[in-house]
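A short write-up of the structure that comes next.
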Amino acid sequence: MKYAVITFGCRVNQADSFECEADLLARGATATAPEEADLVIVNTCSVTASADQGARQAIRRVARVNQSARIVVTGCYATRAPHELAGLPQVLRVVPNRDKKRLVEVLEHDHGADTAWRFGDGDGNCGAVVEPGVAGRTAYTLRVQSGCRESCSYCIIPSTRGAPESVPLVAVLSKLHQAAEHGFKEVALTGVHLGSYGRDLSPRLSLLGLLESIERASPDGLRIRISSLEPMDCSTALVDLVATSRVFAPHFHLPLQHASDRMLAAMCRSYALAQYAELVDHVRRRLPDASIGTDLIVGFPGESDRDAEVLVEYLARSPITHAHVFPYSDRPGTAASVMDQKVSGPNIRERARQVRAVAAVANADFQEGQVGRVHRSLSLEDGSLALTGNFLKVRIPPGQPRNEWLDVRLTRAAATLEGEVVR
């Protein structure tokens, strides 16, 4: 059987898709494009209305260009509103998040008349593994935690992902060694609420304890990237560990969401701007070349002109190097969706434009400041692109093999960041 996986949303979904592909490959299935696949798995996100829309559009497109494809939908949208997806063209199965980890097993044992799922009857090599290059991905995304108990007023994810659940330490270390054995040289650690890692385990662990164990036991030649981490979970000890590490990339993604304390309180975020600013300033002092990413929401209910100005003013003076800007949209079932004082669409769009403009300047300044620096980088795609530890994608002269460590000197920051291989 030929398969394709279409993934929407965060690194957690990417990690889930990796596991699904590993199960399919091990059973003899072969990866292909959605236009040619017998089975198309759509792994959905539901963090915004546009994410839902993107999933529906992808399903309809697959059904239009590949009328023989059997489509299976999973992920947060499939968990939140399965009825909206079940009626779309060629969707034969909607699998909620609770069954996603065993999705392939579920399909194998589905004996309905129209769903006789067999994977080992094609050209695939049973026992094959996910390797660099599968589905165009060079790095491996490893989910070490799922679920969330936080109560952010805008977020639907706790209701779609369930209670926190951590992967035991021994299993995490085993997965890292397997990734290295299969040829991966970079692994991104991810979770729905990564900072809560280990609180549900017995004996109880912590994210810092996990990272310290990885620092000691990680295979040589493997770079570990920590994905999105809530500010209240990023301690100075964790920053200091990354600053002195042989393993961890100098890259933090710390969602701020807003710089107005009034808005942070309305969002039910458990910190104030002063705490966030102290944290990112510490990151910059300890790691002068680190990238510091963030997520920002504009147009949250009740956001005033002054609140919007506070966000722009802080972003302009902060050490943040890149930002994902999300125009607020209601998510049915969240506390924010029933709040009064909704911001008009034109105001939301204008505020988003202003914030993105400031973020673009910050990113350009960061890139310009990196010109002349030499970074250990991993070659991507066809070898003409490299990823630095501090999360910069750099165009390099062609001719390098994919998935190789290179020392790259950044030579020019323009529309595209450019560099040269020095070793």
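In the structure tokens, chains take letters A, B, ... by order of appearance, with residues numbered from 1 within each chain and ligands from 1 in the order shown.
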All helix (DSSP H, G or I) positions in region 143-362 of chain A, as a PyMOL selection string = chain A and resi 157-161+169-181+194-196+207-217+231-233+236-243+261-266+273-286+305-317+336-338+345-362
Counting only C-alpha atoms, what is within 9 Å of Gln400 (chain A), bar same-chain residues fewer than 6 positions away, as a PyMOL selection string?
-> chain A and resi 379+382-384+406
Non-local contacts of Leu205 (chain A) (12 Å; only C-alpha atoms; under 3 positions in same chain excluded) as a PyMOL selection string | chain A and resi 166-169+195-202+208-213
Keeping only C-alpha atoms, write those residues as a PDB file, in the first residue's frame.
```
ATOM      1  CA  SER A 166       4.840  11.954  30.067  1.00  0.00           C
ATOM      2  CA  VAL A 167       7.014   9.412  28.276  1.00  0.00           C
ATOM      3  CA  PRO A 168       9.222   7.646  30.844  1.00  0.00           C
ATOM      4  CA  LEU A 169      12.848   8.755  30.928  1.00  0.00           C
ATOM      5  CA  GLY A 195       7.312  22.183  30.864  1.00  0.00           C
ATOM      6  CA  SER A 196       5.033  19.821  32.786  1.00  0.00           C
ATOM      7  CA  TYR A 197       7.166  16.840  31.806  1.00  0.00           C
ATOM      8  CA  GLY A 198       7.501  14.262  34.563  1.00  0.00           C
ATOM      9  CA  ARG A 199       4.940  15.615  37.020  1.00  0.00           C
ATOM     10  CA  ASP A 200       2.661  12.646  36.323  1.00  0.00           C
ATOM     11  CA  LEU A 201       5.413  10.027  36.568  1.00  0.00           C
ATOM     12  CA  SER A 202       6.302   7.954  39.610  1.00  0.00           C
ATOM     13  CA  LEU A 208      15.180  20.042  33.915  1.00  0.00           C
ATOM     14  CA  GLY A 209      15.878  16.532  35.180  1.00  0.00           C
ATOM     15  CA  LEU A 210      15.050  15.115  31.751  1.00  0.00           C
ATOM     16  CA  LEU A 211      17.375  17.584  30.035  1.00  0.00           C
ATOM     17  CA  GLU A 212      20.195  16.863  32.489  1.00  0.00           C
ATOM     18  CA  SER A 213      19.823  13.135  31.777  1.00  0.00           C
TER      19      SER A 213
END
```
Minimum-distance residue to Arg353 (chain A), chosen among A:Arg225, A:Arg331, A:His324, A:Arg204 (using only C-alpha atoms) = A:His324
Could you give me, as a Markdown table, every region 268-298 of chain A residue with an atom at most 9 Å from region 245-259 of chain A, plus its closest atom pair and distance in Å to one decimal, counting only C-alpha atoms, rows ordered by chain then number?
```
| residue | atom | partner | partner_atom | distance |
| --- | --- | --- | --- | --- |
| A:Arg269 | CA | A:Gln257 | CA | 8.6 |
| A:Ala272 | CA | A:Ala259 | CA | 8.1 |
| A:Leu273 | CA | A:Ala259 | CA | 5.7 |
| A:Tyr276 | CA | A:Leu256 | CA | 7.3 |
| A:Val280 | CA | A:Leu254 | CA | 8.4 |
| A:Val283 | CA | A:Phe252 | CA | 8.4 |
| A:Leu287 | CA | A:Pro250 | CA | 7.0 |
| A:Asp289 | CA | A:Pro250 | CA | 7.5 |
| A:Ala290 | CA | A:Pro250 | CA | 4.8 |
| A:Ser291 | CA | A:His251 | CA | 4.9 |
| A:Ile292 | CA | A:Phe252 | CA | 5.0 |
| A:Gly293 | CA | A:His253 | CA | 4.4 |
| A:Thr294 | CA | A:Pro255 | CA | 4.4 |
| A:Asp295 | CA | A:Pro255 | CA | 4.5 |
| A:Leu296 | CA | A:Gln257 | CA | 3.9 |
| A:Ile297 | CA | A:Gln257 | CA | 5.1 |
| A:Val298 | CA | A:His258 | CA | 7.7 |
```
Take the residues from that selection and write them out as a compact mmCIF listing (two decimals), in the first residue's frame, keeping N, CA, C and O atoms.
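Heads up, here's the output in out02.txt:
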```
# COMPACT_ATOMS: atom_id res chain seq x y z
N ARG A 269 -2.91 33.80 31.75
CA ARG A 269 -1.49 33.44 31.73
C ARG A 269 -0.91 33.70 33.12
O ARG A 269 -1.24 34.69 33.76
N ALA A 272 3.54 37.89 34.59
CA ALA A 272 3.41 39.27 34.14
C ALA A 272 4.56 39.59 33.18
O ALA A 272 5.54 38.83 33.09
N LEU A 273 4.46 40.71 32.49
CA LEU A 273 5.49 41.07 31.52
C LEU A 273 6.86 41.17 32.17
O LEU A 273 7.86 40.74 31.57
N TYR A 276 8.51 37.83 32.32
CA TYR A 276 8.92 37.37 30.99
C TYR A 276 10.16 38.12 30.53
O TYR A 276 11.12 37.51 30.03
N VAL A 280 13.85 36.50 29.30
CA VAL A 280 14.48 36.59 27.98
C VAL A 280 15.76 37.45 28.04
O VAL A 280 16.69 37.21 27.27
N VAL A 283 18.34 35.00 29.07
CA VAL A 283 18.75 34.19 27.92
C VAL A 283 19.76 34.95 27.07
O VAL A 283 20.80 34.41 26.67
N LEU A 287 23.45 33.62 26.47
CA LEU A 287 23.66 33.12 25.11
C LEU A 287 23.48 34.27 24.13
O LEU A 287 22.40 34.47 23.56
N ASP A 289 24.16 34.81 21.11
CA ASP A 289 23.76 34.52 19.73
C ASP A 289 22.48 33.68 19.65
O ASP A 289 22.09 33.28 18.55
N ALA A 290 21.85 33.42 20.78
CA ALA A 290 20.67 32.55 20.76
C ALA A 290 19.50 33.21 20.03
O ALA A 290 19.32 34.43 20.07
N SER A 291 18.71 32.38 19.37
CA SER A 291 17.44 32.87 18.84
C SER A 291 16.40 32.74 19.94
O SER A 291 16.41 31.79 20.73
N ILE A 292 15.50 33.72 20.00
CA ILE A 292 14.43 33.72 20.99
C ILE A 292 13.13 33.99 20.24
O ILE A 292 12.85 35.12 19.82
N GLY A 293 12.35 32.95 20.05
CA GLY A 293 11.09 33.09 19.36
C GLY A 293 9.93 33.24 20.33
O GLY A 293 10.05 32.94 21.52
N THR A 294 8.80 33.70 19.83
CA THR A 294 7.63 33.86 20.68
C THR A 294 6.36 33.75 19.85
O THR A 294 6.40 33.80 18.62
N ASP A 295 5.23 33.58 20.54
CA ASP A 295 3.90 33.64 19.94
C ASP A 295 3.17 34.84 20.52
O ASP A 295 3.28 35.12 21.72
N LEU A 296 2.41 35.54 19.69
CA LEU A 296 1.69 36.73 20.11
C LEU A 296 0.26 36.68 19.57
O LEU A 296 0.04 36.29 18.43
N ILE A 297 -0.69 37.07 20.39
CA ILE A 297 -2.09 37.15 19.98
C ILE A 297 -2.50 38.62 19.96
O ILE A 297 -2.31 39.34 20.94
N VAL A 298 -3.04 39.06 18.85
CA VAL A 298 -3.53 40.44 18.74
C VAL A 298 -5.05 40.42 18.58
O VAL A 298 -5.61 39.50 18.00
```
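Taking CA of Pro96 (chain A) and CA of Thr44 (chain A) as the two end points, the separation is 10.2 Å.
Proximity to region 391-397 of chain A at 7 Å, evaluated using only C-alpha atoms and with sequence-adjacent residues fewer than 4 positions away removed, yields A:His251, A:Ser291, A:Ser384, A:Leu385, A:Ala386, A:Leu387, A:Leu417, A:Glu418, A:Gly419, A:Glu420.
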Write the residues of the selection above to a file with all heavy atoms, as a short mmCIF file (atom, residue, chain, number, x, y, z; two decimals), in the first residue's frame.
```
data_model
loop_
_atom_site.label_atom_id
_atom_site.label_comp_id
_atom_site.auth_asym_id
_atom_site.auth_seq_id
_atom_site.Cartn_x
_atom_site.Cartn_y
_atom_site.Cartn_z
N HIS A 251 18.61 27.91 21.25
CA HIS A 251 17.34 28.31 20.63
C HIS A 251 16.23 28.12 21.65
O HIS A 251 16.05 27.02 22.18
CB HIS A 251 17.09 27.45 19.38
CG HIS A 251 15.70 27.58 18.83
ND1 HIS A 251 15.05 26.53 18.21
CD2 HIS A 251 14.82 28.61 18.80
CE1 HIS A 251 13.85 26.91 17.83
NE2 HIS A 251 13.69 28.17 18.19
N SER A 291 18.71 32.38 19.37
CA SER A 291 17.44 32.87 18.84
C SER A 291 16.40 32.74 19.94
O SER A 291 16.41 31.79 20.73
CB SER A 291 17.01 32.06 17.62
OG SER A 291 16.85 30.70 17.95
N SER A 384 21.68 22.58 -0.44
CA SER A 384 21.94 24.01 -0.67
C SER A 384 21.34 24.88 0.43
O SER A 384 21.29 26.11 0.31
CB SER A 384 21.38 24.45 -2.02
OG SER A 384 19.97 24.34 -2.04
N LEU A 385 20.87 24.26 1.50
CA LEU A 385 20.30 24.96 2.64
C LEU A 385 20.85 24.34 3.91
O LEU A 385 21.04 23.12 3.98
CB LEU A 385 18.77 24.86 2.62
CG LEU A 385 18.00 25.68 3.65
CD1 LEU A 385 18.12 27.18 3.34
CD2 LEU A 385 16.52 25.28 3.65
N ALA A 386 21.13 25.17 4.91
CA ALA A 386 21.67 24.66 6.18
C ALA A 386 20.94 25.32 7.34
O ALA A 386 20.53 26.48 7.25
CB ALA A 386 23.17 24.92 6.27
N LEU A 387 20.78 24.58 8.41
CA LEU A 387 20.12 25.07 9.62
C LEU A 387 21.14 25.21 10.73
O LEU A 387 21.79 24.24 11.13
CB LEU A 387 19.01 24.12 10.06
CG LEU A 387 18.24 24.52 11.32
CD1 LEU A 387 17.42 25.79 11.07
CD2 LEU A 387 17.31 23.39 11.77
N LEU A 417 19.08 34.71 3.75
CA LEU A 417 20.35 34.66 4.50
C LEU A 417 21.30 33.74 3.74
O LEU A 417 20.95 32.62 3.38
CB LEU A 417 20.09 34.13 5.90
CG LEU A 417 21.19 34.29 6.93
CD1 LEU A 417 21.56 35.76 7.12
CD2 LEU A 417 20.75 33.70 8.28
N GLU A 418 22.51 34.22 3.50
CA GLU A 418 23.48 33.47 2.70
C GLU A 418 24.73 33.17 3.52
O GLU A 418 25.08 33.90 4.46
CB GLU A 418 23.87 34.26 1.45
CG GLU A 418 22.69 34.53 0.53
CD GLU A 418 23.05 35.43 -0.63
OE1 GLU A 418 24.27 35.76 -0.76
OE2 GLU A 418 22.17 35.82 -1.39
N GLY A 419 25.41 32.07 3.17
CA GLY A 419 26.61 31.69 3.87
C GLY A 419 27.54 30.88 3.00
O GLY A 419 27.22 30.52 1.87
N GLU A 420 28.74 30.60 3.55
CA GLU A 420 29.73 29.79 2.86
C GLU A 420 30.21 28.69 3.80
O GLU A 420 30.30 28.90 5.02
CB GLU A 420 30.90 30.65 2.40
CG GLU A 420 31.64 31.35 3.55
CD GLU A 420 32.74 32.25 3.06
OE1 GLU A 420 32.89 32.41 1.83
OE2 GLU A 420 33.47 32.81 3.91
#
```
Rows by chain and residue number, region 30-61 of chain A within 12 Å of region 134-148 of chain A, shortest pair, only C-alpha atoms, as a tab-separated table:
```
residue	atom	partner	partner_atom	distance
A:Thr30	CA	A:Val134	CA	10.2
A:Ala31	CA	A:Ala135	CA	7.5
A:Thr32	CA	A:Ala135	CA	8.2
A:Ala33	CA	A:Ala135	CA	8.8
A:Pro34	CA	A:Ala135	CA	11.1
```
Compile the contact shell of region 7-21 of chain A as an MDAnalysis selection string: residues with an atom at most 9 Å away, counting only C-alpha atoms, same-chain residues fewer than 4 positions apart removed.
-> chainID A and resid 3 25:26 29 31 41:47 51 54:55 75 100:104 129:130 134 140:143 145:146 188:192 227:228
Go ahead and compute the interatomic distance for CA of Glu278 (chain A) and CA of Val358 (chain A), in Å to one decimal.
-> 20.6 Å
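The gap separating CA of Pro89 (chain A) from CA of Arg60 (chain A) is 6.5 Å, in Å to one decimal.
Counting only C-alpha atoms, the residue from A:Leu194, A:Ala81, A:Ala413, A:Ala179 that sits nearest to Ser218 (chain A) is A:Ala179.
Using only C-alpha atoms, the shortest contact distance between Asp99 (chain A) and any of A:Ala37, A:Cys76, A:Val310, A:Ala237 is found at A:Cys76.
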Counting only C-alpha atoms, closest pick from A:His193, A:Ile320, A:Asp340, A:Glu181 relative to Pro288 (chain A) is A:Ile320
